[in-house]
Amino acid sequence: LAHDAGIPCVSFATAASMNGYASANVAPTLAGVKSLLRARPPHAVLASPEILCAAPRELTTAGLGDVLAKCTSSADWRMNHLLFGDYYCARSVGLIVEIEPLYLEHPEAVAAGDARAVGALFDALLRTGVAMTMAESSAPASGGEHLISHTLDMLAVAAGGEHDLHGRQVGVGTILMCELYRRVLAVESPKFRAPPATIDARFWGKLAGAVAPCYAEKRPRLAVAAGALAKAGAWDRLRAELAPMLRPPEQVRDCLARAGGATTASDIGCDKRALAEILRRAREVRARFTILDLADLLGILDAAAGEIVQQWG
């Protein structure tokens, strides 16, 4: 509203629940598809430590899930830079490094509403929002794990149902993407297949007409990615650059579990079979290249989705 009216705005946060407070991005659902619009960031973000600490634990652990996605979203962002020359800012990626241990290593304190832990979590959420504003993109904080959440939202709305909190879904998605990254980067001699010509209309149902243009926009980049990675040394360089940015799925799951957050499909109201199919199809909903696309180009996504959800979901 402030953007449309051309006036400044101030955001008052009542929970450390998501990273959008300091961001200029708006993520509405348009024609059934989770979309991204550029607005303007707030002139200030205000928050009371007492209010943040007293917020429902479910909201706070949703914020934890959102910020833990930084490892996989940053890796996806770096991958887009390496493959396509897209803008990438190491400074944005490093904004939360020094405060991560305060919540990552003490998730019980987050669950208990400890002022220092919740304050660090909120600080990290603000910084990731600032990173998105600096980059003029959601890429610093949104990768394949967010596509899982977007797809869950879209399918629920299309069916006239409800979905879980964004950050809770993202946290589960981050666990799954960390394991998918581990499997992809373990491939020694990659062979790339031609990408599908179009989306799986059966899966998307009445949303297919709105999703198809998103995938059509991405499809040329899939061929570029396969060509770039086929060059001598490119695959090994990609693996070497991305591996240090990632966390083991065990660490992400342990952190969320100790905080009382969502870690499984059932925690977010989804059965394993449905979640596995979402892993296979979520890549179709946005033009951005993610680990989901790379796994599909390698021909391992279909099988890995079921195995990963059975193991981790």
# chains A, B, ... in the order shown; residues from 1 in each chain; ligands from 1
>>> residues_around(residues="Ser74 of chain A", least_positions_apart="5", cutoff="10 Å", atoms="only C-alpha atoms", output="PyMOL selection string")
chain A and resi 69+79-80+88-90+92-94+139-143+242+245-246
>>> residues_around(residues="Gly161 of chain A", least_positions_apart="5", cutoff="12 Å", atoms="only C-alpha atoms", output="mmCIF file with C-alpha atoms, in the first residue's frame")
data_model
loop_
_atom_site.group_PDB
_atom_site.id
_atom_site.type_symbol
_atom_site.label_atom_id
_atom_site.label_comp_id
_atom_site.auth_asym_id
_atom_site.auth_seq_id
_atom_site.Cartn_x
_atom_site.Cartn_y
_atom_site.Cartn_z
ATOM 1 C CA LEU A 152 2.491 -26.412 -0.607
ATOM 2 C CA ASP A 153 0.763 -23.027 -0.373
ATOM 3 C CA MET A 154 -0.475 -23.091 -3.948
ATOM 4 C CA LEU A 155 -1.863 -26.609 -3.801
ATOM 5 C CA ALA A 156 -3.614 -25.939 -0.494
ATOM 6 C CA GLY A 269 0.138 -31.517 7.505
ATOM 7 C CA CYS A 270 1.456 -33.328 4.436
#
>>> residues_around(residues="segment 305-313 of chain A", least_positions_apart="4", cutoff="6 Å", atoms="only C-alpha atoms", output="list in words")
Thr264, Ala265, Ala276, Leu279 and Leu301 of chain A
>>> write_last_selection(atoms="C-alpha atoms", output="short mmCIF file (atom, residue, chain, number, x, y, z; two decimals), in the first residue's frame")
data_model
loop_
_atom_site.label_atom_id
_atom_site.label_comp_id
_atom_site.auth_asym_id
_atom_site.auth_seq_id
_atom_site.Cartn_x
_atom_site.Cartn_y
_atom_site.Cartn_z
CA THR A 264 8.73 -33.86 9.00
CA ALA A 265 5.94 -34.01 6.45
CA ALA A 276 7.87 -36.52 -2.58
CA LEU A 279 9.93 -32.29 -4.58
CA LEU A 301 15.53 -36.21 -8.91
#
>>> select_by_dssp(residues="segment 73-131 of chain A", states="alpha helix (DSSP H)", output="number ranges by chain")
A: 73-84, 90-93, 100-104, 107-111, 115-131
>>> closest_residue(among="A:Val252, A:Ser189, A:Phe122, A:Thr263", to="Gln169 of chain A", atoms="only C-alpha atoms")
A:Thr263
>>> residues_around(residues="Leu126 of chain A", least_positions_apart="5", cutoff="7 Å", atoms="only C-alpha atoms", output="number ranges by chain")
A: 19, 21-22
